[in-house]
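Q: File follows, start21.pdb with PDB, N, CA and C atoms:
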MODEL        1
ATOM      1  N   MET M   1     104.225  83.885 210.434
ATOM      2  CA  MET M   1     103.008  84.635 210.704
ATOM      3  C   MET M   1     103.377  86.100 210.899
ATOM      4  N   ILE M   2     102.558  86.971 210.362
ATOM      5  CA  ILE M   2     102.700  88.416 210.558
ATOM      6  C   ILE M   2     101.423  88.920 211.209
ATOM      7  N   ARG M   3     101.572  89.660 212.289
ATOM      8  CA  ARG M   3     100.429  90.314 212.932
ATOM      9  C   ARG M   3     100.521  91.807 212.604
ATOM     10  N   HIS M   4      99.518  92.279 211.915
ATOM     11  CA  HIS M   4      99.432  93.678 211.500
ATOM     12  C   HIS M   4      98.505  94.386 212.485
ATOM     13  N   THR M   5      99.009  95.435 213.126
ATOM     14  CA  THR M   5      98.205  96.186 214.087
ATOM     15  C   THR M   5      98.319  97.677 213.803
ATOM     16  N   VAL M   6      97.253  98.370 214.129
ATOM     17  CA  VAL M   6      97.262  99.821 214.015
ATOM     18  C   VAL M   6      96.364 100.382 215.111
ATOM     19  N   VAL M   7      96.854 101.407 215.786
ATOM     20  CA  VAL M   7      96.023 102.156 216.731
ATOM     21  C   VAL M   7      95.792 103.527 216.108
ATOM     22  N   PHE M   8      94.600 104.080 216.359
ATOM     23  CA  PHE M   8      94.270 105.319 215.670
ATOM     24  C   PHE M   8      93.188 106.086 216.411
ATOM     25  N   THR M   9      93.069 107.343 216.041
ATOM     26  CA  THR M   9      92.007 108.223 216.510
ATOM     27  C   THR M   9      91.355 108.849 215.283
ATOM     28  N   LEU M  10      90.047 108.866 215.292
ATOM     29  CA  LEU M  10      89.299 109.432 214.180
ATOM     30  C   LEU M  10      89.077 110.932 214.356
ATOM     31  N   LYS M  11      88.788 111.602 213.270
ATOM     32  CA  LYS M  11      88.447 113.025 213.296
ATOM     33  C   LYS M  11      87.024 113.235 213.804
ATOM     34  N   HIS M  12      86.225 112.177 213.823
ATOM     35  CA  HIS M  12      84.817 112.266 214.207
ATOM     36  C   HIS M  12      84.639 112.331 215.723
ATOM     37  N   GLN M  13      83.528 112.872 216.141
ATOM     38  CA  GLN M  13      83.179 112.912 217.552
ATOM     39  C   GLN M  13      82.928 111.495 218.070
ATOM     40  N   PRO M  14      83.372 111.191 219.281
ATOM     41  CA  PRO M  14      83.098 109.871 219.856
ATOM     42  C   PRO M  14      81.592 109.598 219.909
ATOM     43  N   GLY M  15      81.215 108.407 219.478
ATOM     44  CA  GLY M  15      79.816 108.008 219.495
ATOM     45  C   GLY M  15      78.982 108.546 218.344
ATOM     46  N   SER M  16      79.613 109.263 217.432
ATOM     47  CA  SER M  16      78.859 109.873 216.328
ATOM     48  C   SER M  16      78.483 108.839 215.272
ATOM     49  N   VAL M  17      77.526 109.224 214.456
ATOM     50  CA  VAL M  17      77.112 108.393 213.327
ATOM     51  C   VAL M  17      78.304 108.152 212.396
ATOM     52  N   GLU M  18      79.114 109.179 212.188
ATOM     53  CA  GLU M  18      80.272 109.066 211.304
ATOM     54  C   GLU M  18      81.295 108.065 211.843
ATOM     55  N   GLU M  19      81.519 108.096 213.153
ATOM     56  CA  GLU M  19      82.432 107.134 213.769
ATOM     57  C   GLU M  19      81.914 105.709 213.555
ATOM     58  N   GLY M  20      80.645 105.512 213.812
ATOM     59  CA  GLY M  20      80.044 104.195 213.634
ATOM     60  C   GLY M  20      80.118 103.716 212.193
ATOM     61  N   ALA M  21      79.903 104.618 211.258
ATOM     62  CA  ALA M  21      79.966 104.258 209.836
ATOM     63  C   ALA M  21      81.376 103.857 209.431
ATOM     64  N   PHE M  22      82.366 104.570 209.939
ATOM     65  CA  PHE M  22      83.754 104.222 209.622
ATOM     66  C   PHE M  22      84.079 102.824 210.129
ATOM     67  N   LEU M  23      83.746 102.546 211.378
ATOM     68  CA  LEU M  23      84.044 101.234 211.949
ATOM     69  C   LEU M  23      83.271 100.128 211.226
ATOM     70  N   ARG M  24      82.035 100.371 210.895
ATOM     71  CA  ARG M  24      81.252  99.387 210.147
ATOM     72  C   ARG M  24      81.869  99.131 208.784
ATOM     73  N   ASP M  25      82.208 100.186 208.073
ATOM     74  CA  ASP M  25      82.730 100.046 206.724
ATOM     75  C   ASP M  25      84.134  99.438 206.703
ATOM     76  N   ALA M  26      84.872  99.592 207.786
ATOM     77  CA  ALA M  26      86.216  99.008 207.865
ATOM     78  C   ALA M  26      86.179  97.486 207.880
ATOM     79  N   LYS M  27      85.035  96.919 208.190
ATOM     80  CA  LYS M  27      84.928  95.450 208.218
ATOM     81  C   LYS M  27      85.138  94.831 206.846
ATOM     82  N   VAL M  28      85.131  95.630 205.796
ATOM     83  CA  VAL M  28      85.450  95.121 204.461
ATOM     84  C   VAL M  28      86.850  94.518 204.443
ATOM     85  N   LEU M  29      87.726  95.023 205.303
ATOM     86  CA  LEU M  29      89.102  94.530 205.346
ATOM     87  C   LEU M  29      89.160  93.057 205.753
ATOM     88  N   ALA M  30      88.228  92.624 206.584
ATOM     89  CA  ALA M  30      88.207  91.238 207.055
ATOM     90  C   ALA M  30      87.964  90.249 205.927
ATOM     91  N   GLY M  31      87.342  90.682 204.860
ATOM     92  CA  GLY M  31      87.017  89.804 203.753
ATOM     93  C   GLY M  31      88.101  89.690 202.695
ATOM     94  N   ILE M  32      89.184  90.401 202.865
ATOM     95  CA  ILE M  32      90.270  90.346 201.885
ATOM     96  C   ILE M  32      91.007  89.016 202.039
ATOM     97  N   PRO M  33      91.260  88.324 200.941
ATOM     98  CA  PRO M  33      91.961  87.044 201.029
ATOM     99  C   PRO M  33      93.285  87.160 201.794
ATOM    100  N   GLY M  34      93.512  86.214 202.670
ATOM    101  CA  GLY M  34      94.732  86.194 203.475
ATOM    102  C   GLY M  34      94.575  86.771 204.860
ATOM    103  N   VAL M  35      93.522  87.566 205.091
ATOM    104  CA  VAL M  35      93.300  88.166 206.405
ATOM    105  C   VAL M  35      92.739  87.104 207.349
ATOM    106  N   GLU M  36      93.396  86.942 208.493
ATOM    107  CA  GLU M  36      92.944  86.024 209.529
ATOM    108  C   GLU M  36      92.813  86.795 210.844
ATOM    109  N   LYS M  37      91.894  86.380 211.667
ATOM    110  CA  LYS M  37      91.726  86.923 213.031
ATOM    111  C   LYS M  37      91.581  88.438 213.051
ATOM    112  N   PHE M  38      90.784  88.980 212.133
ATOM    113  CA  PHE M  38      90.535  90.418 212.103
ATOM    114  C   PHE M  38      89.770  90.829 213.355
ATOM    115  N   GLU M  39      90.251  91.877 214.019
ATOM    116  CA  GLU M  39      89.576  92.406 215.203
ATOM    117  C   GLU M  39      89.542  93.929 215.140
ATOM    118  N   GLN M  40      88.425  94.474 215.587
ATOM    119  CA  GLN M  40      88.321  95.906 215.849
ATOM    120  C   GLN M  40      88.306  96.045 217.363
ATOM    121  N   LEU M  41      89.109  96.953 217.875
ATOM    122  CA  LEU M  41      89.300  97.064 219.321
ATOM    123  C   LEU M  41      89.143  98.509 219.779
ATOM    124  N   ARG M  42      88.618  98.659 220.983
ATOM    125  CA  ARG M  42      88.556  99.984 221.610
ATOM    126  C   ARG M  42      89.720 100.071 222.591
ATOM    127  N   GLN M  43      90.506 101.098 222.477
ATOM    128  CA  GLN M  43      91.670 101.307 223.320
ATOM    129  C   GLN M  43      91.194 101.775 224.695
ATOM    130  N   VAL M  44      91.653 101.140 225.779
ATOM    131  CA  VAL M  44      91.171 101.466 227.116
ATOM    132  C   VAL M  44      92.272 101.904 228.082
ATOM    133  N   SER M  45      93.499 101.890 227.657
ATOM    134  CA  SER M  45      94.600 102.253 228.547
ATOM    135  C   SER M  45      94.690 103.771 228.719
ATOM    136  N   SER M  46      95.083 104.192 229.896
ATOM    137  CA  SER M  46      95.316 105.623 230.131
ATOM    138  C   SER M  46      96.730 106.027 229.716
ATOM    139  N   LYS M  47      97.518 105.087 229.204
ATOM    140  CA  LYS M  47      98.911 105.363 228.842
ATOM    141  C   LYS M  47      99.061 106.013 227.475
ATOM    142  N   ASN M  48      97.978 106.055 226.697
ATOM    143  CA  ASN M  48      98.004 106.784 225.430
ATOM    144  C   ASN M  48      96.595 107.270 225.133
ATOM    145  N   ASP M  49      96.482 108.112 224.133
ATOM    146  CA  ASP M  49      95.165 108.690 223.847
ATOM    147  C   ASP M  49      94.615 108.297 222.484
ATOM    148  N   TYR M  50      95.070 107.178 221.943
ATOM    149  CA  TYR M  50      94.424 106.628 220.745
ATOM    150  C   TYR M  50      93.081 106.047 221.164
ATOM    151  N   ALA M  51      92.154 105.969 220.232
ATOM    152  CA  ALA M  51      90.801 105.522 220.563
ATOM    153  C   ALA M  51      90.509 104.081 220.154
ATOM    154  N   PHE M  52      91.065 103.636 219.034
ATOM    155  CA  PHE M  52      90.711 102.329 218.469
ATOM    156  C   PHE M  52      91.947 101.589 217.996
ATOM    157  N   GLY M  53      91.760 100.315 217.746
ATOM    158  CA  GLY M  53      92.800  99.511 217.136
ATOM    159  C   GLY M  53      92.197  98.497 216.187
ATOM    160  N   PHE M  54      92.945  98.150 215.174
ATOM    161  CA  PHE M  54      92.637  97.018 214.309
ATOM    162  C   PHE M  54      93.802  96.052 214.442
ATOM    163  N   SER M  55      93.488  94.777 214.437
ATOM    164  CA  SER M  55      94.508  93.743 214.475
ATOM    165  C   SER M  55      94.097  92.635 213.529
ATOM    166  N   MET M  56      95.070  92.081 212.820
ATOM    167  CA  MET M  56      94.807  90.950 211.924
ATOM    168  C   MET M  56      96.102  90.187 211.735
ATOM    169  N   GLU M  57      95.976  88.961 211.280
ATOM    170  CA  GLU M  57      97.145  88.125 211.060
ATOM    171  C   GLU M  57      97.178  87.639 209.621
ATOM    172  N   PHE M  58      98.399  87.349 209.172
ATOM    173  CA  PHE M  58      98.644  86.810 207.838
ATOM    174  C   PHE M  58      99.583  85.627 207.976
ATOM    175  N   ALA M  59      99.391  84.627 207.140
ATOM    176  CA  ALA M  59     100.211  83.425 207.217
ATOM    177  C   ALA M  59     101.678  83.713 206.919
ATOM    178  N   ASP M  60     101.930  84.662 206.013
ATOM    179  CA  ASP M  60     103.307  84.941 205.610
ATOM    180  C   ASP M  60     103.379  86.311 204.921
ATOM    181  N   GLN M  61     104.579  86.667 204.509
ATOM    182  CA  GLN M  61     104.798  87.967 203.882
ATOM    183  C   GLN M  61     104.012  88.101 202.576
ATOM    184  N   ALA M  62     103.874  87.016 201.830
ATOM    185  CA  ALA M  62     103.130  87.067 200.570
ATOM    186  C   ALA M  62     101.661  87.398 200.817
ATOM    187  N   ALA M  63     101.069  86.799 201.845
ATOM    188  CA  ALA M  63      99.672  87.089 202.173
ATOM    189  C   ALA M  63      99.512  88.548 202.608
ATOM    190  N   TYR M  64     100.474  89.054 203.367
ATOM    191  CA  TYR M  64     100.431  90.449 203.812
ATOM    192  C   TYR M  64     100.572  91.394 202.618
ATOM    193  N   ALA M  65     101.468  91.086 201.702
ATOM    194  CA  ALA M  65     101.642  91.913 200.508
ATOM    195  C   ALA M  65     100.367  91.901 199.664
ATOM    196  N   GLY M  66      99.731  90.740 199.553
ATOM    197  CA  GLY M  66      98.486  90.649 198.809
ATOM    198  C   GLY M  66      97.402  91.521 199.398
ATOM    199  N   TYR M  67      97.335  91.568 200.728
ATOM    200  CA  TYR M  67      96.379  92.429 201.426
ATOM    201  C   TYR M  67      96.652  93.901 201.106
ATOM    202  N   ASN M  68      97.907  94.309 201.217
ATOM    203  CA  ASN M  68      98.265  95.707 200.980
ATOM    204  C   ASN M  68      97.933  96.159 199.564
ATOM    205  N   GLU M  69      98.013  95.247 198.614
ATOM    206  CA  GLU M  69      97.777  95.587 197.214
ATOM    207  C   GLU M  69      96.340  95.326 196.768
ATOM    208  N   HIS M  70      95.546  94.711 197.619
ATOM    209  CA  HIS M  70      94.182  94.350 197.238
ATOM    210  C   HIS M  70      93.350  95.622 196.989
ATOM    211  N   PRO M  71      92.513  95.621 195.933
ATOM    212  CA  PRO M  71      91.714  96.821 195.617
ATOM    213  C   PRO M  71      90.820  97.302 196.760
ATOM    214  N   ASP M  72      90.280  96.391 197.573
ATOM    215  CA  ASP M  72      89.429  96.820 198.694
ATOM    216  C   ASP M  72      90.245  97.563 199.747
ATOM    217  N   HIS M  73      91.476  97.119 199.994
ATOM    218  CA  HIS M  73      92.346  97.801 200.959
ATOM    219  C   HIS M  73      92.771  99.160 200.411
ATOM    220  N   VAL M  74      93.208  99.175 199.175
ATOM    221  CA  VAL M  74      93.650 100.427 198.547
ATOM    222  C   VAL M  74      92.513 101.454 198.565
ATOM    223  N   ALA M  75      91.306 101.022 198.220
ATOM    224  CA  ALA M  75      90.164 101.941 198.197
ATOM    225  C   ALA M  75      89.812 102.425 199.599
ATOM    226  N   PHE M  76      89.842 101.546 200.587
ATOM    227  CA  PHE M  76      89.514 101.955 201.953
ATOM    228  C   PHE M  76      90.518 102.990 202.456
ATOM    229  N   VAL M  77      91.793 102.746 202.225
ATOM    230  CA  VAL M  77      92.821 103.703 202.666
ATOM    231  C   VAL M  77      92.628 105.041 201.959
ATOM    232  N   ARG M  78      92.398 105.014 200.676
ATOM    233  CA  ARG M  78      92.256 106.249 199.893
ATOM    234  C   ARG M  78      90.977 107.014 200.246
ATOM    235  N   ASP M  79      89.857 106.283 200.322
ATOM    236  CA  ASP M  79      88.552 106.931 200.427
ATOM    237  C   ASP M  79      88.070 107.173 201.850
ATOM    238  N   ARG M  80      88.595 106.430 202.788
ATOM    239  CA  ARG M  80      88.115 106.567 204.168
ATOM    240  C   ARG M  80      89.262 106.911 205.117
ATOM    241  N   TRP M  81      90.261 106.037 205.182
ATOM    242  CA  TRP M  81      91.344 106.195 206.158
ATOM    243  C   TRP M  81      92.030 107.559 206.019
ATOM    244  N   ALA M  82      92.467 107.893 204.845
ATOM    245  CA  ALA M  82      93.216 109.138 204.628
ATOM    246  C   ALA M  82      92.392 110.373 204.966
ATOM    247  N   LEU M  83      91.072 110.281 204.851
ATOM    248  CA  LEU M  83      90.200 111.424 205.093
ATOM    249  C   LEU M  83      89.678 111.507 206.520
ATOM    250  N   GLU M  84      89.544 110.361 207.201
ATOM    251  CA  GLU M  84      88.834 110.335 208.473
ATOM    252  C   GLU M  84      89.701 110.039 209.690
ATOM    253  N   VAL M  85      90.905 109.543 209.489
ATOM    254  CA  VAL M  85      91.784 109.231 210.618
ATOM    255  C   VAL M  85      92.626 110.452 210.939
ATOM    256  N   ASP M  86      92.601 110.835 212.208
ATOM    257  CA  ASP M  86      93.349 112.001 212.666
ATOM    258  C   ASP M  86      94.836 111.672 212.799
ATOM    259  N   ARG M  87      95.125 110.541 213.450
ATOM    260  CA  ARG M  87      96.515 110.097 213.631
ATOM    261  C   ARG M  87      96.510 108.614 213.938
ATOM    262  N   PHE M  88      97.654 107.982 213.675
ATOM    263  CA  PHE M  88      97.729 106.545 213.882
ATOM    264  C   PHE M  88      99.170 106.103 214.090
ATOM    265  N   LEU M  89      99.303 104.886 214.577
ATOM    266  CA  LEU M  89     100.591 104.217 214.722
ATOM    267  C   LEU M  89     100.388 102.787 214.261
ATOM    268  N   GLU M  90     101.163 102.374 213.291
ATOM    269  CA  GLU M  90     101.083 101.025 212.730
ATOM    270  C   GLU M  90     102.284 100.222 213.178
ATOM    271  N   ILE M  91     102.041  99.001 213.631
ATOM    272  CA  ILE M  91     103.113  98.093 214.021
ATOM    273  C   ILE M  91     102.820  96.722 213.435
ATOM    274  N   ASP M  92     103.803  96.144 212.777
ATOM    275  CA  ASP M  92     103.688  94.807 212.207
ATOM    276  C   ASP M  92     104.714  93.922 212.897
ATOM    277  N   TYR M  93     104.241  92.782 213.361
ATOM    278  CA  TYR M  93     105.086  91.865 214.115
ATOM    279  C   TYR M  93     105.233  90.538 213.384
ATOM    280  N   ALA M  94     106.405  89.941 213.525
ATOM    281  CA  ALA M  94     106.626  88.542 213.127
ATOM    282  C   ALA M  94     107.016  87.792 214.386
ATOM    283  N   ALA M  95     106.518  86.581 214.522
ATOM    284  CA  ALA M  95     106.810  85.782 215.705
ATOM    285  C   ALA M  95     108.302  85.451 215.763
ATOM    286  N   LEU M  96     108.842  85.409 216.975
ATOM    287  CA  LEU M  96     110.244  85.042 217.172
ATOM    288  C   LEU M  96     110.399  83.539 217.214
TER     289      LEU M  96
ENDMDL
END
Let me see whether you can do it: turn the structure in this file into structure tokens.

A:
Amino acid sequence: MIRHTVVFTLKHQPGSVEEGAFLRDAKVLAGIPGVEKFEQLRQVSSKNDYAFGFSMEFADQAAYAGYNEHPDHVAFVRDRWALEVDRFLEIDYAAL
């Protein structure tokens, strides 16, 4: 199992229409074959200043690779993520 996580902050104002549209449109990622347990999360810790997180799981490396290469993922990264995310940190985990 691979757990793919990313924490990020958007360029948009908190609570703005643009922020809401980005989060709504990101749900397309949940429909990509191989994606399991997709979650959108609001970051609440005072230990960092990222605003949101996405988390999802994949059965194996092949499923994760399929997600990364899927046209919906590629388009979302190109058309939304690259333009609207201010900064991010991505971490991918495999169970021990």

Q: Which is closest to Thr5 in chain M among M:Phe76, M:Phe38, M:Trp81, M:Tyr67, if we use only C-alpha atoms?

A: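 Ranked by minimum distance to Thr5 in chain M, first place goes to M:Phe38.
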
Q: Return the single residue from M:Phe22, M:Tyr50, M:Phe88, M:Tyr93 that is closest to Ile2 in chain M, with distances computed using only N, CA and C atoms.

A: M:Tyr93

Q: So that I can check the surroundings of Gln40 in chain M, please list as a list of chain:residue names every protein, DNA and RNA residue that reaches within 6 Å of it, counting all atoms listed in the file and ignoring chain neighbours fewer than 5 positions away.

A: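 Residues near the query, excluding close chain neighbours: M:Gly53, M:Phe54, M:Ser55.
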
Q: Could you go through chain M and tell me which residues DSSP, when run on the backbone, assigns to helix (DSSP H, G or I), listing them as a VMD selection string?

A: chain M and resid 17 to 31 61 to 69 71 to 84

Q: Show me, as JSON, the centre and edge lengths in Å to one decimal of the axis-aligned box that covers every listed atom of range 81-84 of chain M with 5 Å on each side.

A:
{"center_x": 91.0, "center_y": 108.8, "center_z": 207.2, "size_x": 14.4, "size_y": 15.5, "size_z": 15.1}

Q: What is the distance, in Å and to one decimal place, between CA of Leu23 in chain M and CA of Arg80 in chain M?

A: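 It comes out at 10.3 Å.
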
Q: List the spatial neighbours of Thr9 in chain M as a list of chain:residue names - criterion: any atom at most 6 Å away, all atoms listed in the file, same-chain residues fewer than 5 positions off excluded.

A: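 Contacts, with the query itself left out: M:Tyr50, M:Ala51, M:Phe52, M:Glu84, M:Val85, M:Asp86, M:Arg87, M:Phe88.
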
Q: One number please: atom C of Asp92 in chain M to atom N of Gly34 in chain M, in Å, one decimal.

A: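 Taking atom C of Asp92 in chain M as the start and atom N of Gly34 in chain M as the end point, the length is 17.0 Å.
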
Q: Running the PyMOL selection byres ((chain M and resi 1) around 6) on this model by hand, what would come out? Give it as a list in words.

A: Ile2, Arg3, Phe58, Ala59, Asp60, Tyr93, Ala94 and Ala95 of chain M

Q: So what do you get for atom N of Glu36 in chain M versus CA of Leu89 in chain M, distance-wise?

A: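 Computing the Euclidean distance for atom N of Glu36 in chain M and CA of Leu89 in chain M yields 19.7 Å.
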
Q: Please extract the residues of range 12-93 of chain M with a backbone DSSP assignment of strand (DSSP E) and present them as a ChimeraX atom specification.

A: /M:36-42,52-58,85-93

Q: Could you please take those selected residues and save N, CA and C atoms as a PDB file, in the coordinates of the input?

A:
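Saved file part-v3.pdb follows:
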ATOM      1  N   GLU M  36      93.396  86.942 208.493  1.00  0.00           N
ATOM      2  CA  GLU M  36      92.944  86.024 209.529  1.00  0.00           C
ATOM      3  C   GLU M  36      92.813  86.795 210.844  1.00  0.00           C
ATOM      4  N   LYS M  37      91.894  86.380 211.667  1.00  0.00           N
ATOM      5  CA  LYS M  37      91.726  86.923 213.031  1.00  0.00           C
ATOM      6  C   LYS M  37      91.581  88.438 213.051  1.00  0.00           C
ATOM      7  N   PHE M  38      90.784  88.980 212.133  1.00  0.00           N
ATOM      8  CA  PHE M  38      90.535  90.418 212.103  1.00  0.00           C
ATOM      9  C   PHE M  38      89.770  90.829 213.355  1.00  0.00           C
ATOM     10  N   GLU M  39      90.251  91.877 214.019  1.00  0.00           N
ATOM     11  CA  GLU M  39      89.576  92.406 215.203  1.00  0.00           C
ATOM     12  C   GLU M  39      89.542  93.929 215.140  1.00  0.00           C
ATOM     13  N   GLN M  40      88.425  94.474 215.587  1.00  0.00           N
ATOM     14  CA  GLN M  40      88.321  95.906 215.849  1.00  0.00           C
ATOM     15  C   GLN M  40      88.306  96.045 217.363  1.00  0.00           C
ATOM     16  N   LEU M  41      89.109  96.953 217.875  1.00  0.00           N
ATOM     17  CA  LEU M  41      89.300  97.064 219.321  1.00  0.00           C
ATOM     18  C   LEU M  41      89.143  98.509 219.779  1.00  0.00           C
ATOM     19  N   ARG M  42      88.618  98.659 220.983  1.00  0.00           N
ATOM     20  CA  ARG M  42      88.556  99.984 221.610  1.00  0.00           C
ATOM     21  C   ARG M  42      89.720 100.071 222.591  1.00  0.00           C
ATOM     22  N   PHE M  52      91.065 103.636 219.034  1.00  0.00           N
ATOM     23  CA  PHE M  52      90.711 102.329 218.469  1.00  0.00           C
ATOM     24  C   PHE M  52      91.947 101.589 217.996  1.00  0.00           C
ATOM     25  N   GLY M  53      91.760 100.315 217.746  1.00  0.00           N
ATOM     26  CA  GLY M  53      92.800  99.511 217.136  1.00  0.00           C
ATOM     27  C   GLY M  53      92.197  98.497 216.187  1.00  0.00           C
ATOM     28  N   PHE M  54      92.945  98.150 215.174  1.00  0.00           N
ATOM     29  CA  PHE M  54      92.637  97.018 214.309  1.00  0.00           C
ATOM     30  C   PHE M  54      93.802  96.052 214.442  1.00  0.00           C
ATOM     31  N   SER M  55      93.488  94.777 214.437  1.00  0.00           N
ATOM     32  CA  SER M  55      94.508  93.743 214.475  1.00  0.00           C
ATOM     33  C   SER M  55      94.097  92.635 213.529  1.00  0.00           C
ATOM     34  N   MET M  56      95.070  92.081 212.820  1.00  0.00           N
ATOM     35  CA  MET M  56      94.807  90.950 211.924  1.00  0.00           C
ATOM     36  C   MET M  56      96.102  90.187 211.735  1.00  0.00           C
ATOM     37  N   GLU M  57      95.976  88.961 211.280  1.00  0.00           N
ATOM     38  CA  GLU M  57      97.145  88.125 211.060  1.00  0.00           C
ATOM     39  C   GLU M  57      97.178  87.639 209.621  1.00  0.00           C
ATOM     40  N   PHE M  58      98.399  87.349 209.172  1.00  0.00           N
ATOM     41  CA  PHE M  58      98.644  86.810 207.838  1.00  0.00           C
ATOM     42  C   PHE M  58      99.583  85.627 207.976  1.00  0.00           C
ATOM     43  N   VAL M  85      90.905 109.543 209.489  1.00  0.00           N
ATOM     44  CA  VAL M  85      91.784 109.231 210.618  1.00  0.00           C
ATOM     45  C   VAL M  85      92.626 110.452 210.939  1.00  0.00           C
ATOM     46  N   ASP M  86      92.601 110.835 212.208  1.00  0.00           N
ATOM     47  CA  ASP M  86      93.349 112.001 212.666  1.00  0.00           C
ATOM     48  C   ASP M  86      94.836 111.672 212.799  1.00  0.00           C
ATOM     49  N   ARG M  87      95.125 110.541 213.450  1.00  0.00           N
ATOM     50  CA  ARG M  87      96.515 110.097 213.631  1.00  0.00           C
ATOM     51  C   ARG M  87      96.510 108.614 213.938  1.00  0.00           C
ATOM     52  N   PHE M  88      97.654 107.982 213.675  1.00  0.00           N
ATOM     53  CA  PHE M  88      97.729 106.545 213.882  1.00  0.00           C
ATOM     54  C   PHE M  88      99.170 106.103 214.090  1.00  0.00           C
ATOM     55  N   LEU M  89      99.303 104.886 214.577  1.00  0.00           N
ATOM     56  CA  LEU M  89     100.591 104.217 214.722  1.00  0.00           C
ATOM     57  C   LEU M  89     100.388 102.787 214.261  1.00  0.00           C
ATOM     58  N   GLU M  90     101.163 102.374 213.291  1.00  0.00           N
ATOM     59  CA  GLU M  90     101.083 101.025 212.730  1.00  0.00           C
ATOM     60  C   GLU M  90     102.284 100.222 213.178  1.00  0.00           C
ATOM     61  N   ILE M  91     102.041  99.001 213.631  1.00  0.00           N
ATOM     62  CA  ILE M  91     103.113  98.093 214.021  1.00  0.00           C
ATOM     63  C   ILE M  91     102.820  96.722 213.435  1.00  0.00           C
ATOM     64  N   ASP M  92     103.803  96.144 212.777  1.00  0.00           N
ATOM     65  CA  ASP M  92     103.688  94.807 212.207  1.00  0.00           C
ATOM     66  C   ASP M  92     104.714  93.922 212.897  1.00  0.00           C
ATOM     67  N   TYR M  93     104.241  92.782 213.361  1.00  0.00           N
ATOM     68  CA  TYR M  93     105.086  91.865 214.115  1.00  0.00           C
ATOM     69  C   TYR M  93     105.233  90.538 213.384  1.00  0.00           C
TER      70      TYR M  93
END
